[in-house]
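Structure below is final.cif: mmCIF, C-alpha atoms.
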```cif
data_query
#
loop_
_atom_site.label_atom_id
_atom_site.label_comp_id
_atom_site.auth_asym_id
_atom_site.auth_seq_id
_atom_site.Cartn_x
_atom_site.Cartn_y
_atom_site.Cartn_z
CA MET A 1 3.30 0.63 26.95
CA ARG A 2 3.13 3.53 24.47
CA PRO A 3 6.39 2.55 22.64
CA LEU A 4 5.00 -0.97 22.32
CA LEU A 5 1.80 0.38 20.76
CA MET A 6 3.81 2.57 18.38
CA ARG A 7 5.90 -0.42 17.25
CA GLY A 8 2.72 -2.43 16.77
CA ARG A 9 1.22 0.30 14.59
CA ARG A 10 4.36 0.54 12.46
CA LEU A 11 4.42 -3.24 12.04
CA LEU A 12 0.74 -3.25 11.09
CA ARG A 13 1.28 -0.50 8.49
CA ALA A 14 4.20 -2.47 7.02
CA LEU A 15 1.97 -5.50 6.36
CA GLY A 16 -0.26 -5.95 3.34
CA LEU A 17 -3.99 -5.32 3.39
CA ARG A 18 -4.77 -9.05 3.56
CA TRP A 19 -2.70 -9.62 6.71
CA ARG A 20 -3.90 -6.40 8.30
CA ILE A 21 -7.54 -7.42 7.91
CA ALA A 22 -6.79 -10.95 9.16
CA ILE A 23 -4.89 -9.67 12.20
CA LEU A 24 -7.50 -7.04 13.07
CA LEU A 25 -10.32 -9.59 12.74
CA ALA A 26 -8.39 -12.09 14.88
CA VAL A 27 -7.69 -9.44 17.53
CA GLY A 28 -11.35 -8.43 17.54
CA CYS A 29 -12.49 -12.03 17.97
CA LEU A 30 -9.84 -12.53 20.67
CA LEU A 31 -11.16 -9.56 22.64
CA VAL A 32 -14.74 -10.82 22.31
CA ALA A 33 -13.67 -14.35 23.35
CA VAL A 34 -11.78 -13.00 26.38
CA ALA A 35 -14.76 -10.86 27.40
CA ILE A 36 -17.17 -13.79 27.06
CA GLY A 37 -14.74 -16.07 28.93
CA ILE A 38 -14.45 -13.59 31.80
CA LEU A 39 -18.23 -13.28 32.02
CA ILE A 40 -18.75 -17.06 31.99
CA HIS A 41 -15.95 -17.61 34.51
CA GLY A 42 -17.37 -14.94 36.83
CA ALA A 43 -20.92 -16.29 36.57
CA ARG A 44 -19.80 -19.87 37.30
CA ALA A 45 -17.59 -18.71 40.17
CA ARG A 46 -20.58 -16.86 41.72
CA GLN A 47 -22.74 -19.97 41.32
CA ILE A 48 -20.14 -22.12 43.04
CA GLY A 49 -19.68 -19.56 45.81
CA ASP A 50 -23.43 -19.20 46.43
CA ALA A 51 -23.92 -22.95 46.48
CA ALA A 52 -20.95 -23.43 48.82
CA ARG A 53 -22.22 -20.76 51.26
CA ALA A 54 -25.71 -22.29 51.24
CA SER A 55 -24.30 -25.77 51.86
CA ALA A 56 -22.07 -24.57 54.70
CA THR A 57 -24.98 -22.69 56.30
CA ALA A 58 -27.18 -25.82 56.09
CA GLN A 59 -24.40 -27.89 57.67
CA LEU A 60 -23.99 -25.30 60.42
CA ILE A 61 -27.72 -25.45 61.26
CA SER A 62 -27.61 -29.23 61.36
CA VAL A 63 -24.53 -29.26 63.61
CA ARG A 64 -26.12 -26.72 65.98
CA LYS A 65 -29.24 -28.86 66.36
CA VAL A 66 -27.17 -31.96 67.16
CA TYR A 67 -25.03 -29.99 69.61
CA GLU A 68 -28.06 -28.55 71.41
CA LEU A 69 -29.64 -32.02 71.75
CA THR A 70 -26.58 -34.02 72.70
CA GLY A 71 -24.16 -31.40 74.00
CA ARG A 72 -21.45 -32.69 71.73
CA LEU A 73 -20.50 -32.76 68.04
CA ASP A 74 -21.51 -36.07 66.52
CA ARG A 75 -19.26 -36.40 63.46
CA ASP A 76 -21.33 -39.27 62.04
CA LYS A 77 -24.30 -36.89 61.80
CA VAL A 78 -22.27 -33.95 60.54
CA GLY A 79 -21.14 -35.64 57.33
CA GLU A 80 -18.15 -34.38 55.35
CA ALA A 81 -18.12 -30.96 57.04
CA ASP A 82 -15.42 -30.23 59.61
CA ALA A 83 -17.38 -28.87 62.59
CA ARG A 84 -15.53 -27.42 65.56
CA ILE A 85 -15.99 -25.13 68.50
CA ASP A 86 -13.51 -22.26 68.71
CA CYS A 87 -11.46 -23.58 65.77
CA PRO A 88 -8.03 -21.90 65.79
CA GLN A 89 -7.99 -21.67 61.93
CA LEU A 90 -11.23 -19.72 61.87
CA PRO A 91 -10.72 -16.48 59.87
CA GLY A 92 -10.63 -13.35 62.01
CA PRO A 93 -13.46 -11.45 60.24
CA LEU A 94 -15.74 -14.47 60.55
CA ARG A 95 -14.93 -14.89 64.31
CA ALA A 96 -15.62 -11.22 64.92
CA ALA A 97 -18.98 -11.42 63.14
CA ALA A 98 -19.95 -14.53 65.14
CA LEU A 99 -19.03 -12.94 68.45
CA ALA A 100 -21.15 -9.98 67.45
CA GLY A 101 -24.12 -12.34 67.32
CA GLN A 102 -24.29 -12.88 63.54
CA ARG A 103 -24.41 -16.08 61.58
CA SER A 104 -22.19 -15.56 58.55
CA THR A 105 -20.03 -17.32 55.98
CA TYR A 106 -16.52 -16.81 54.63
CA LEU A 107 -15.37 -17.99 51.17
CA ASP A 108 -11.67 -18.42 50.25
CA MET A 109 -11.03 -19.66 46.67
CA ALA A 110 -7.62 -18.02 46.20
CA GLY A 111 -5.56 -19.87 48.77
CA PRO A 112 -3.76 -23.20 48.35
CA ASP A 113 -6.67 -24.97 50.05
CA PRO A 114 -9.99 -23.46 48.88
CA VAL A 115 -12.62 -23.62 51.62
CA VAL A 116 -15.92 -22.14 52.76
CA TRP A 117 -16.66 -21.40 56.44
CA ALA A 118 -19.93 -20.89 58.29
CA ALA A 119 -20.00 -19.76 61.94
CA ARG A 120 -22.39 -18.62 64.68
CA PRO A 121 -22.16 -17.94 68.41
CA ILE A 122 -23.17 -20.59 70.95
CA GLY A 123 -23.37 -19.62 74.56
CA GLY A 124 -21.20 -16.83 75.81
CA ASP A 125 -18.09 -16.14 73.80
CA ARG A 126 -17.82 -19.50 72.06
CA VAL A 127 -18.09 -19.90 68.29
CA LEU A 128 -19.41 -22.93 66.44
CA SER A 129 -17.94 -23.21 62.91
CA VAL A 130 -18.23 -25.53 59.94
CA ARG A 131 -15.51 -25.83 57.32
CA GLN A 132 -15.98 -27.41 53.85
CA SER A 133 -13.24 -27.99 51.26
CA LEU A 134 -13.84 -26.63 47.76
CA ALA A 135 -10.96 -28.39 46.00
CA GLY A 136 -13.36 -30.20 43.70
CA GLU A 137 -15.20 -27.02 42.83
CA ARG A 138 -11.93 -25.20 42.04
CA ALA A 139 -10.83 -28.10 39.85
CA GLU A 140 -14.16 -27.85 38.03
CA LEU A 141 -13.65 -24.10 37.55
CA ALA A 142 -10.11 -24.68 36.23
CA GLU A 143 -11.44 -27.24 33.76
CA LEU A 144 -14.06 -24.73 32.60
CA ASP A 145 -11.29 -22.16 32.06
CA ARG A 146 -9.29 -24.63 29.98
CA ARG A 147 -12.29 -25.40 27.83
CA LEU A 148 -13.07 -21.71 27.35
CA MET A 149 -9.45 -21.10 26.34
CA ALA A 150 -9.50 -23.99 23.87
CA TYR A 151 -12.80 -22.86 22.35
CA GLY A 152 -11.64 -19.24 22.22
CA THR A 153 -8.38 -20.22 20.50
CA SER A 154 -10.31 -22.25 17.93
CA VAL A 155 -12.69 -19.36 17.26
CA VAL A 156 -9.81 -16.87 16.88
CA ALA A 157 -7.94 -19.22 14.54
CA LEU A 158 -11.05 -19.75 12.40
CA ALA A 159 -11.72 -16.00 12.38
CA ALA A 160 -8.14 -15.30 11.30
CA LEU A 161 -8.35 -17.94 8.56
CA GLY A 162 -11.72 -16.64 7.36
CA GLY A 163 -10.46 -13.06 7.48
CA ALA A 164 -7.35 -14.03 5.49
CA LEU A 165 -9.46 -15.76 2.84
CA LEU A 166 -11.90 -12.85 2.62
CA ALA A 167 -9.11 -10.27 2.59
CA SER A 168 -7.18 -12.33 0.02
CA ARG A 169 -10.02 -11.95 -2.47
CA LEU A 170 -10.37 -8.26 -1.64
CA SER A 171 -6.61 -7.72 -1.93
CA ARG A 172 -6.50 -9.62 -5.23
CA ASP A 173 -9.25 -7.43 -6.69
CA LEU A 174 -7.57 -4.25 -5.46
CA ARG A 175 -4.18 -5.37 -6.83
CA ALA A 176 -5.82 -6.07 -10.18
CA ALA A 177 -7.36 -2.59 -10.15
CA ALA A 178 -4.01 -0.99 -9.26
CA GLU A 179 -2.17 -2.95 -11.96
CA THR A 180 -4.76 -1.96 -14.55
CA ALA A 181 -4.46 1.70 -13.49
CA ARG A 182 -0.67 1.46 -13.90
CA ARG A 183 -1.09 -0.05 -17.36
CA ILE A 184 -3.46 2.75 -18.34
CA SER A 185 -1.03 5.41 -17.06
CA ALA A 186 1.75 3.72 -19.06
CA GLY A 187 -0.26 4.22 -22.26
CA GLU A 188 -2.16 0.91 -22.55
CA LEU A 189 -5.52 2.60 -22.96
CA ASP A 190 -7.47 -0.58 -23.73
CA ALA A 191 -6.57 -2.17 -20.36
CA ARG A 192 -9.64 -3.05 -18.28
CA ILE A 193 -10.23 -4.66 -14.89
CA GLY A 194 -13.35 -6.53 -15.94
CA PRO A 195 -16.20 -7.78 -13.73
CA SER A 196 -15.35 -8.90 -10.21
CA GLY A 197 -17.32 -10.29 -7.28
CA VAL A 198 -20.67 -12.06 -7.30
CA PRO A 199 -23.09 -10.76 -9.97
CA GLY A 200 -25.95 -8.79 -8.40
CA ALA A 201 -24.19 -8.38 -5.04
CA ARG A 202 -23.53 -4.98 -3.50
CA ASP A 203 -19.76 -5.14 -3.73
CA GLU A 204 -17.77 -1.92 -3.24
CA VAL A 205 -14.73 -3.41 -4.99
CA ALA A 206 -16.87 -4.32 -8.01
CA ALA A 207 -18.22 -0.76 -8.04
CA LEU A 208 -14.65 0.57 -7.94
CA SER A 209 -13.63 -1.74 -10.80
CA SER A 210 -16.60 -0.62 -12.87
CA ALA A 211 -15.80 3.04 -12.18
CA VAL A 212 -12.14 2.57 -13.19
CA ASP A 213 -13.16 0.77 -16.38
CA SER A 214 -15.64 3.53 -17.24
CA MET A 215 -12.99 6.17 -16.59
CA ALA A 216 -10.47 4.29 -18.74
CA ALA A 217 -12.96 3.95 -21.60
CA SER A 218 -13.80 7.66 -21.45
CA LEU A 219 -10.12 8.58 -21.28
CA GLN A 220 -9.34 6.32 -24.22
CA GLN A 221 -12.07 7.90 -26.33
CA ARG A 222 -10.88 11.42 -25.55
CA LEU A 223 -7.22 10.66 -26.17
CA GLU A 224 -7.96 8.84 -29.41
CA ALA A 225 -10.09 11.77 -30.54
CA GLU A 226 -7.24 14.15 -29.69
CA GLN A 227 -4.74 11.96 -31.53
CA ARG A 228 -6.97 11.75 -34.59
CA PHE A 229 -7.44 15.52 -34.52
CA THR A 230 -3.68 16.13 -34.31
CA ALA A 231 -2.95 13.66 -37.10
CA ASP A 232 -5.75 15.02 -39.31
CA VAL A 233 -4.66 18.62 -38.85
CA ALA A 234 -1.03 17.81 -39.59
CA HIS A 235 -2.00 15.70 -42.61
CA GLU A 236 -4.32 18.34 -44.02
CA LEU A 237 -1.65 21.01 -43.61
CA ARG A 238 0.81 19.06 -45.72
CA THR A 239 -0.84 19.80 -49.09
CA PRO A 240 -1.19 23.60 -48.73
CA LEU A 241 2.28 23.80 -47.21
CA THR A 242 3.75 21.94 -50.15
CA GLY A 243 2.11 24.43 -52.50
CA LEU A 244 3.25 27.32 -50.33
CA HIS A 245 6.80 26.00 -50.35
CA THR A 246 6.74 25.71 -54.12
CA ALA A 247 5.36 29.24 -54.46
CA ALA A 248 8.02 30.59 -52.10
CA GLU A 249 10.74 29.08 -54.27
CA LEU A 250 9.40 31.04 -57.25
CA LEU A 251 9.64 34.41 -55.50
CA PRO A 252 12.43 36.76 -56.61
CA PRO A 253 15.51 36.93 -54.43
CA GLY A 254 15.43 39.39 -51.59
CA ARG A 255 14.98 39.83 -47.85
CA PRO A 256 11.18 39.40 -47.91
CA THR A 257 11.59 36.14 -49.85
CA GLU A 258 14.05 34.83 -47.30
CA LEU A 259 11.61 35.59 -44.46
CA VAL A 260 8.76 33.82 -46.27
CA ARG A 261 10.90 30.77 -47.02
CA ASP A 262 12.10 30.66 -43.39
CA ARG A 263 8.54 30.71 -42.03
CA VAL A 264 7.39 28.11 -44.56
CA ALA A 265 10.26 25.83 -43.52
CA ALA A 266 9.30 26.30 -39.85
CA LEU A 267 5.69 25.40 -40.65
CA ARG A 268 6.79 22.28 -42.54
CA THR A 269 8.99 21.23 -39.61
CA LEU A 270 6.11 21.78 -37.16
CA THR A 271 3.77 19.75 -39.35
CA GLU A 272 6.19 16.84 -39.55
CA ASP A 273 6.70 17.01 -35.77
CA LEU A 274 2.94 16.90 -35.19
CA LEU A 275 2.60 13.86 -37.46
CA GLU A 276 5.43 12.14 -35.57
CA VAL A 277 3.82 12.92 -32.20
CA ALA A 278 0.51 11.52 -33.49
CA ARG A 279 2.22 8.30 -34.57
CA LEU A 280 3.98 7.99 -31.21
CA ASP A 281 0.71 8.57 -29.35
CA ALA A 282 -0.99 5.88 -31.41
CA ASN A 283 1.78 3.35 -30.58
CA ARG A 284 2.17 2.53 -34.25
CA GLU A 285 5.96 2.81 -34.36
CA GLU A 286 7.91 -0.39 -34.99
CA PRO A 287 11.67 -0.17 -34.40
CA GLN A 288 14.23 -1.76 -36.73
CA TRP A 289 16.66 -3.40 -34.32
CA GLU A 290 20.38 -3.43 -35.05
CA ALA A 291 23.55 -3.82 -32.96
CA HIS A 292 26.14 -1.02 -33.21
CA PRO A 293 29.18 0.23 -31.28
CA LEU A 294 27.82 3.26 -29.45
CA GLY A 295 30.84 5.60 -29.56
CA PRO A 296 31.35 5.79 -33.37
CA LEU A 297 27.58 5.90 -33.88
CA VAL A 298 27.21 8.93 -31.59
CA GLU A 299 30.13 10.68 -33.31
CA SER A 300 28.48 10.19 -36.70
CA ILE A 301 25.07 11.40 -35.45
CA THR A 302 26.61 14.49 -33.82
CA ARG A 303 28.48 15.36 -36.99
CA ARG A 304 25.33 15.10 -39.11
CA SER A 305 23.25 17.17 -36.66
CA GLY A 306 25.11 20.36 -37.56
CA VAL A 307 25.52 21.32 -33.88
CA ALA A 308 29.04 22.30 -32.83
CA ALA A 309 29.45 19.85 -29.96
CA GLU A 310 32.46 18.08 -28.48
CA VAL A 311 32.16 14.28 -28.30
CA VAL A 312 33.86 12.64 -25.31
CA GLY A 313 34.29 8.85 -25.36
CA GLY A 314 33.70 8.51 -29.08
CA ARG A 315 35.85 5.38 -29.19
CA THR A 316 33.80 3.55 -26.56
CA PRO A 317 33.49 -0.05 -27.84
CA ALA A 318 30.27 -0.88 -25.97
CA ARG A 319 27.61 -2.18 -28.35
CA VAL A 320 23.95 -1.33 -28.07
CA ARG A 321 20.77 -2.75 -29.57
CA THR A 322 18.84 0.11 -31.10
CA ASP A 323 17.14 1.64 -34.11
CA VAL A 324 19.72 3.97 -35.68
CA ARG A 325 17.16 6.30 -37.27
CA ARG A 326 15.24 6.75 -34.00
CA LEU A 327 18.42 7.17 -31.94
CA GLU A 328 19.55 9.85 -34.38
CA ARG A 329 16.19 11.57 -33.98
CA ILE A 330 16.56 11.52 -30.18
CA LEU A 331 20.13 12.87 -30.12
CA ALA A 332 19.43 15.43 -32.85
CA ASN A 333 16.51 16.81 -30.86
CA LEU A 334 18.57 16.94 -27.65
CA LEU A 335 21.44 18.67 -29.45
CA ALA A 336 19.08 21.16 -31.10
CA ASN A 337 17.47 21.83 -27.71
CA ALA A 338 20.90 22.40 -26.14
CA ARG A 339 21.95 24.77 -28.93
CA ARG A 340 18.65 26.71 -28.95
CA HIS A 341 18.03 26.99 -25.20
CA GLY A 342 21.42 26.34 -23.59
CA GLY A 343 24.84 27.87 -23.75
CA ASP A 344 28.17 26.91 -25.26
CA PRO A 345 30.04 24.69 -25.03
CA VAL A 346 27.78 21.71 -25.77
CA THR A 347 29.37 18.35 -24.93
CA VAL A 348 28.27 14.81 -25.77
CA THR A 349 29.70 12.18 -23.41
CA VAL A 350 29.57 8.46 -24.19
CA SER A 351 30.05 6.14 -21.19
CA GLY A 352 29.21 2.48 -21.47
CA THR A 353 25.73 2.31 -22.98
CA THR A 354 24.71 5.84 -21.99
CA VAL A 355 24.95 9.14 -23.87
CA THR A 356 24.80 12.50 -22.06
CA VAL A 357 24.16 15.80 -23.84
CA ARG A 358 25.09 18.77 -21.69
CA ASP A 359 25.06 22.53 -22.20
CA ASN A 360 26.07 25.49 -20.04
CA GLY A 361 22.85 27.49 -20.21
CA PRO A 362 20.31 28.38 -17.50
CA GLY A 363 19.25 24.74 -17.07
CA PHE A 364 15.87 23.06 -17.33
CA PRO A 365 12.93 24.74 -15.54
CA GLU A 366 11.93 23.09 -12.28
CA ARG A 367 8.44 22.44 -13.60
CA LEU A 368 9.82 20.53 -16.57
CA LEU A 369 12.01 18.40 -14.30
CA ARG A 370 9.07 17.78 -11.98
CA GLU A 371 6.28 17.08 -14.50
CA GLY A 372 8.20 16.14 -17.65
CA PRO A 373 8.07 17.72 -21.12
CA GLN A 374 4.72 19.10 -22.27
CA ARG A 375 3.74 19.90 -25.83
CA PHE A 376 3.98 23.51 -26.96
CA LEU A 377 5.50 24.49 -23.61
CA THR A 378 9.16 25.46 -23.47
CA GLY A 379 9.10 25.97 -19.72
CA ALA A 380 10.74 29.38 -19.20
CA PRO A 381 11.35 32.51 -21.30
CA GLU A 382 15.08 32.46 -20.59
CA ARG A 383 15.38 29.15 -22.44
CA GLY A 384 14.37 30.77 -25.71
CA GLN A 385 11.52 30.19 -28.13
CA GLY A 386 10.30 26.88 -29.55
CA THR A 387 7.34 24.60 -29.98
CA GLY A 388 8.12 22.36 -27.03
CA LEU A 389 7.85 19.25 -29.20
CA GLY A 390 11.55 18.37 -29.37
CA LEU A 391 11.82 16.81 -25.90
CA THR A 392 8.38 15.22 -26.27
CA ILE A 393 9.49 13.47 -29.47
CA ALA A 394 12.83 12.49 -27.92
CA LEU A 395 11.16 10.82 -24.94
CA GLY A 396 8.56 9.16 -27.18
CA GLN A 397 11.18 7.71 -29.53
CA ALA A 398 13.25 6.58 -26.54
CA GLN A 399 10.28 4.62 -25.26
CA VAL A 400 9.94 2.92 -28.65
CA ILE A 401 13.55 1.66 -28.64
CA GLY A 402 13.54 0.73 -24.94
CA ALA A 403 15.80 3.59 -23.85
CA ARG A 404 15.42 5.88 -20.84
CA VAL A 405 15.94 9.65 -20.96
CA THR A 406 16.80 11.45 -17.71
CA LEU A 407 16.76 15.25 -17.50
CA ALA A 408 18.75 17.09 -14.82
CA ASN A 409 20.47 20.34 -13.87
CA PRO A 410 23.93 19.25 -12.69
CA ALA A 411 26.26 21.50 -10.70
CA PRO A 412 27.68 24.03 -11.22
CA GLY A 413 25.18 24.92 -13.95
CA GLY A 414 23.63 24.04 -17.28
CA ALA A 415 21.28 21.26 -18.34
CA SER A 416 21.97 17.60 -19.11
CA ALA A 417 19.95 14.89 -20.83
CA THR A 418 21.15 11.31 -20.38
CA VAL A 419 20.00 8.54 -22.73
CA ALA A 420 20.45 5.01 -21.32
CA LEU A 421 20.31 2.39 -24.11
CA PRO A 422 19.81 -1.36 -23.82
CA PRO A 423 23.04 -3.30 -24.41
CA ALA A 424 23.37 -5.56 -27.42
#
```

What does the file become when written as structure tokens?
Amino acid sequence: MRPLLMRGRRLLRALGLRWRIAILLAVGCLLVAVAIGILIHGARARQIGDAARASATAQLISVRKVYELTGRLDRDKVGEADARIDCPQLPGPLRAAALAGQRSTYLDMAGPDPVVWAARPIGGDRVLSVRQSLAGERAELAELDRRLMAYGTSVVALAALGGALLASRLSRDLRAAAETARRISAGELDARIGPSGVPGARDEVAALSSAVDSMAASLQQRLEAEQRFTADVAHELRTPLTGLHTAAELLPPGRPTELVRDRVAALRTLTEDLLEVARLDANREEPQWEAHPLGPLVESITRRSGVAAEVVGGRTPARVRTDVRRLERILANLLANARRHGGDPVTVTVSGTTVTVRDNGPGFPERLLREGPQRFLTGAPERGQGTGLGLTIALGQAQVIGARVTLANPAPGGASATVALPPA
């Protein structure tokens, strides 16, 4: 029994919410219908039994009066009852009660021939008994059971249908809420569920939809404010940095001048990265689609990056549909990340429509693999210093051109970043 219940629970969990509600409602109605049917059947069976006992007792009294007046059993005056003295079919408990001086009845509805007996002692050790057939009453009870079963089946079917319709609307609203939440998490901040249910009704699903919409609106406002702040800061830094760069170029040669120019260049790079992140966050990037053979394109990008990396599969003829400038930005950032945080040798492998950049350093931090790149967070001290924007920009540009970047720490060591591009 327990394994059957366990299988039933697993099957129920595997079904959707709509079918679970419909099945549970149908089972509930079935249990109620069975309980009501048992009560009605028991009440009717008691009524039939009481009436049969009363009828048999009345027949027994009538037969006794006739027997005492005439000394014999007049069947014309007995009616349909089968009256006998010392009947051999008389049930043992009833005979014993009669011989003990009691007038009693015996009801048997379970046998092949349902009957009711009534018996009493008459003179000495003789027993007068009356037997009545209850075949008609049992047929009536069977017909009642069939009707109860038909009505119960109809009620369960209607309950299941009504539950399915009700749960279908509930499931549809919940699916819409889940889909909207997924769209929001994917970056579509203006996605909303909208009103659901009957206006003015106390609907929990409508309250959930309203709460999700309010949360999405608040989240959109905060993210847009953050994006505007990042873009404004980066834009405002451009003018003083340009002047600072010009002033640094006018300084006399020397070690201090080199340090100033190096820091100014780092600030300019950081500012441009912040502007690029702001544009990616605002979803304002429009790719320029072109079809290119991937192998030669990767060789050219690697050469221009300035990173000493070995290209494997540079003659791969597979063609991809991409934006060359954005793909170069992605691979350049991955190569720079491998050179800055990884260890030599750095290899770039082209296979089909995928490009893998691998180094032999300490590998990506587990937190980065688990949660993804985060701005201004390099993950671990052993991976060196940096702003943490390189991987963020690479993943953002990959999303623009429909590519997928996968980060991993393959055996026996090092870090790898695989870029899967859409084929031409």

Would you write out, as a list of chain:residue names, every residue that the PyMOL selection byres ((chain A and resi 90) around 10) captures in this file? A:Arg84, A:Ile85, A:Asp86, A:Cys87, A:Pro88, A:Gln89, A:Pro91, A:Gly92, A:Pro93, A:Leu94, A:Arg95, A:Tyr106, A:Trp117, A:Ala118, A:Ala119, A:Val127, A:Leu128, A:Ser129, A:Val130, A:Arg131

Can you tell me, as a PDB file with C-alpha atoms, in the frame of the given file, what residues are no more than 9 Å from Pro293 of chain A when counting all atoms listed in the file, ignoring any on the same chain fewer than 6 positions away?
```
ATOM      1  CA  ARG A 315      35.850   5.380 -29.190  1.00  0.00           C
ATOM      2  CA  THR A 316      33.800   3.550 -26.560  1.00  0.00           C
ATOM      3  CA  PRO A 317      33.490  -0.050 -27.840  1.00  0.00           C
ATOM      4  CA  ALA A 318      30.270  -0.880 -25.970  1.00  0.00           C
ATOM      5  CA  ARG A 319      27.610  -2.180 -28.350  1.00  0.00           C
ATOM      6  CA  VAL A 320      23.950  -1.330 -28.070  1.00  0.00           C
TER       7      VAL A 320
END
```

Taking the file as I've supplied it (selection: the PyMOL selection byres ((chain A and resi 391) around 8)), which residues are included? Please answer as a list in words.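 Applied to this file, the PyMOL selection byres ((chain A and resi 391) around 8) selects Asn333, Leu334, Asn337, Pro373, Gly388, Leu389, Gly390, Thr392, Ile393, Ala394 and Leu395 of chain A.
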
Run the PyMOL selection byres ((chain A and resi 355-366) around 7) mentally over the shown coordinates, then write out the matched residues as a ChimeraX atom specification, using the chain letters and numbers from the document. /A:334-335,338,341-351,353-354,367-370,379-380,409,413-420

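Here atom CA of Gln221 of chain A is placed at a distance of 14.6 Å from atom CA of Ser185 of chain A.
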
Residues near Leu25 of chain A, cut-off 12 Å, all atoms listed in the file, skip fewer than 4 positions along chain, as a PDB file with C-alpha atoms, in the frame of the given file:
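Okay, this is what ended up in out.pdb:
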```pdb
ATOM      1  CA  ARG A  18      -4.770  -9.050   3.560  1.00  0.00           C
ATOM      2  CA  TRP A  19      -2.700  -9.620   6.710  1.00  0.00           C
ATOM      3  CA  ARG A  20      -3.900  -6.400   8.300  1.00  0.00           C
ATOM      4  CA  ILE A  21      -7.540  -7.420   7.910  1.00  0.00           C
ATOM      5  CA  CYS A  29     -12.490 -12.030  17.970  1.00  0.00           C
ATOM      6  CA  LEU A  30      -9.840 -12.530  20.670  1.00  0.00           C
ATOM      7  CA  LEU A  31     -11.160  -9.560  22.640  1.00  0.00           C
ATOM      8  CA  VAL A  32     -14.740 -10.820  22.310  1.00  0.00           C
ATOM      9  CA  VAL A 155     -12.690 -19.360  17.260  1.00  0.00           C
ATOM     10  CA  VAL A 156      -9.810 -16.870  16.880  1.00  0.00           C
ATOM     11  CA  ALA A 157      -7.940 -19.220  14.540  1.00  0.00           C
ATOM     12  CA  LEU A 158     -11.050 -19.750  12.400  1.00  0.00           C
ATOM     13  CA  ALA A 159     -11.720 -16.000  12.380  1.00  0.00           C
ATOM     14  CA  ALA A 160      -8.140 -15.300  11.300  1.00  0.00           C
ATOM     15  CA  LEU A 161      -8.350 -17.940   8.560  1.00  0.00           C
ATOM     16  CA  GLY A 162     -11.720 -16.640   7.360  1.00  0.00           C
ATOM     17  CA  GLY A 163     -10.460 -13.060   7.480  1.00  0.00           C
ATOM     18  CA  ALA A 164      -7.350 -14.030   5.490  1.00  0.00           C
ATOM     19  CA  LEU A 165      -9.460 -15.760   2.840  1.00  0.00           C
ATOM     20  CA  LEU A 166     -11.900 -12.850   2.620  1.00  0.00           C
ATOM     21  CA  ALA A 167      -9.110 -10.270   2.590  1.00  0.00           C
TER      22      ALA A 167
END
```

The distance between atom CA of Leu294 of chain A and atom CA of Ile401 of chain A is 14.4 Å

Of the listed residues A:Ala248, A:Ile122, A:Ala56, A:Ala309, that which approaches Arg263 of chain A most closely, counting only C-alpha atoms: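 Ranked by minimum distance to Arg263 of chain A, first place goes to A:Ala248.
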
If you keep N, CA and C atoms, can you output segment 215-225 of chain A as an mmCIF file, in the first residue's frame?
```
data_model
loop_
_atom_site.group_PDB
_atom_site.id
_atom_site.type_symbol
_atom_site.label_atom_id
_atom_site.label_comp_id
_atom_site.auth_asym_id
_atom_site.auth_seq_id
_atom_site.Cartn_x
_atom_site.Cartn_y
_atom_site.Cartn_z
ATOM 1 N N MET A 215 7.046 45.626 -8.287
ATOM 2 C CA MET A 215 8.461 45.329 -8.090
ATOM 3 C C MET A 215 9.252 45.607 -9.369
ATOM 4 N N ALA A 216 8.682 45.204 -10.527
ATOM 5 C CA ALA A 216 9.377 45.431 -11.790
ATOM 6 C C ALA A 216 9.529 46.919 -12.075
ATOM 7 N N ALA A 217 8.474 47.703 -11.789
ATOM 8 C CA ALA A 217 8.560 49.141 -12.023
ATOM 9 C C ALA A 217 9.624 49.784 -11.131
ATOM 10 N N SER A 218 9.642 49.371 -9.849
ATOM 11 C CA SER A 218 10.649 49.910 -8.935
ATOM 12 C C SER A 218 12.054 49.505 -9.365
ATOM 13 N N LEU A 219 12.201 48.241 -9.779
ATOM 14 C CA LEU A 219 13.509 47.768 -10.233
ATOM 15 C C LEU A 219 13.952 48.510 -11.484
ATOM 16 N N GLN A 220 13.003 48.741 -12.394
ATOM 17 C CA GLN A 220 13.348 49.467 -13.621
ATOM 18 C C GLN A 220 13.809 50.886 -13.304
ATOM 19 N N GLN A 221 13.113 51.552 -12.407
ATOM 20 C CA GLN A 221 13.509 52.917 -12.049
ATOM 21 C C GLN A 221 14.906 52.948 -11.436
ATOM 22 N N ARG A 222 15.190 51.997 -10.546
ATOM 23 C CA ARG A 222 16.504 51.998 -9.902
ATOM 24 C C ARG A 222 17.616 51.675 -10.891
ATOM 25 N N LEU A 223 17.372 50.687 -11.750
ATOM 26 C CA LEU A 223 18.411 50.323 -12.712
ATOM 27 C C LEU A 223 18.643 51.441 -13.722
ATOM 28 N N GLU A 224 17.557 52.072 -14.176
ATOM 29 C CA GLU A 224 17.729 53.180 -15.115
ATOM 30 C C GLU A 224 18.461 54.339 -14.460
ATOM 31 N N ALA A 225 18.175 54.587 -13.176
ATOM 32 C CA ALA A 225 18.900 55.643 -12.470
ATOM 33 C C ALA A 225 20.383 55.295 -12.351
#
```
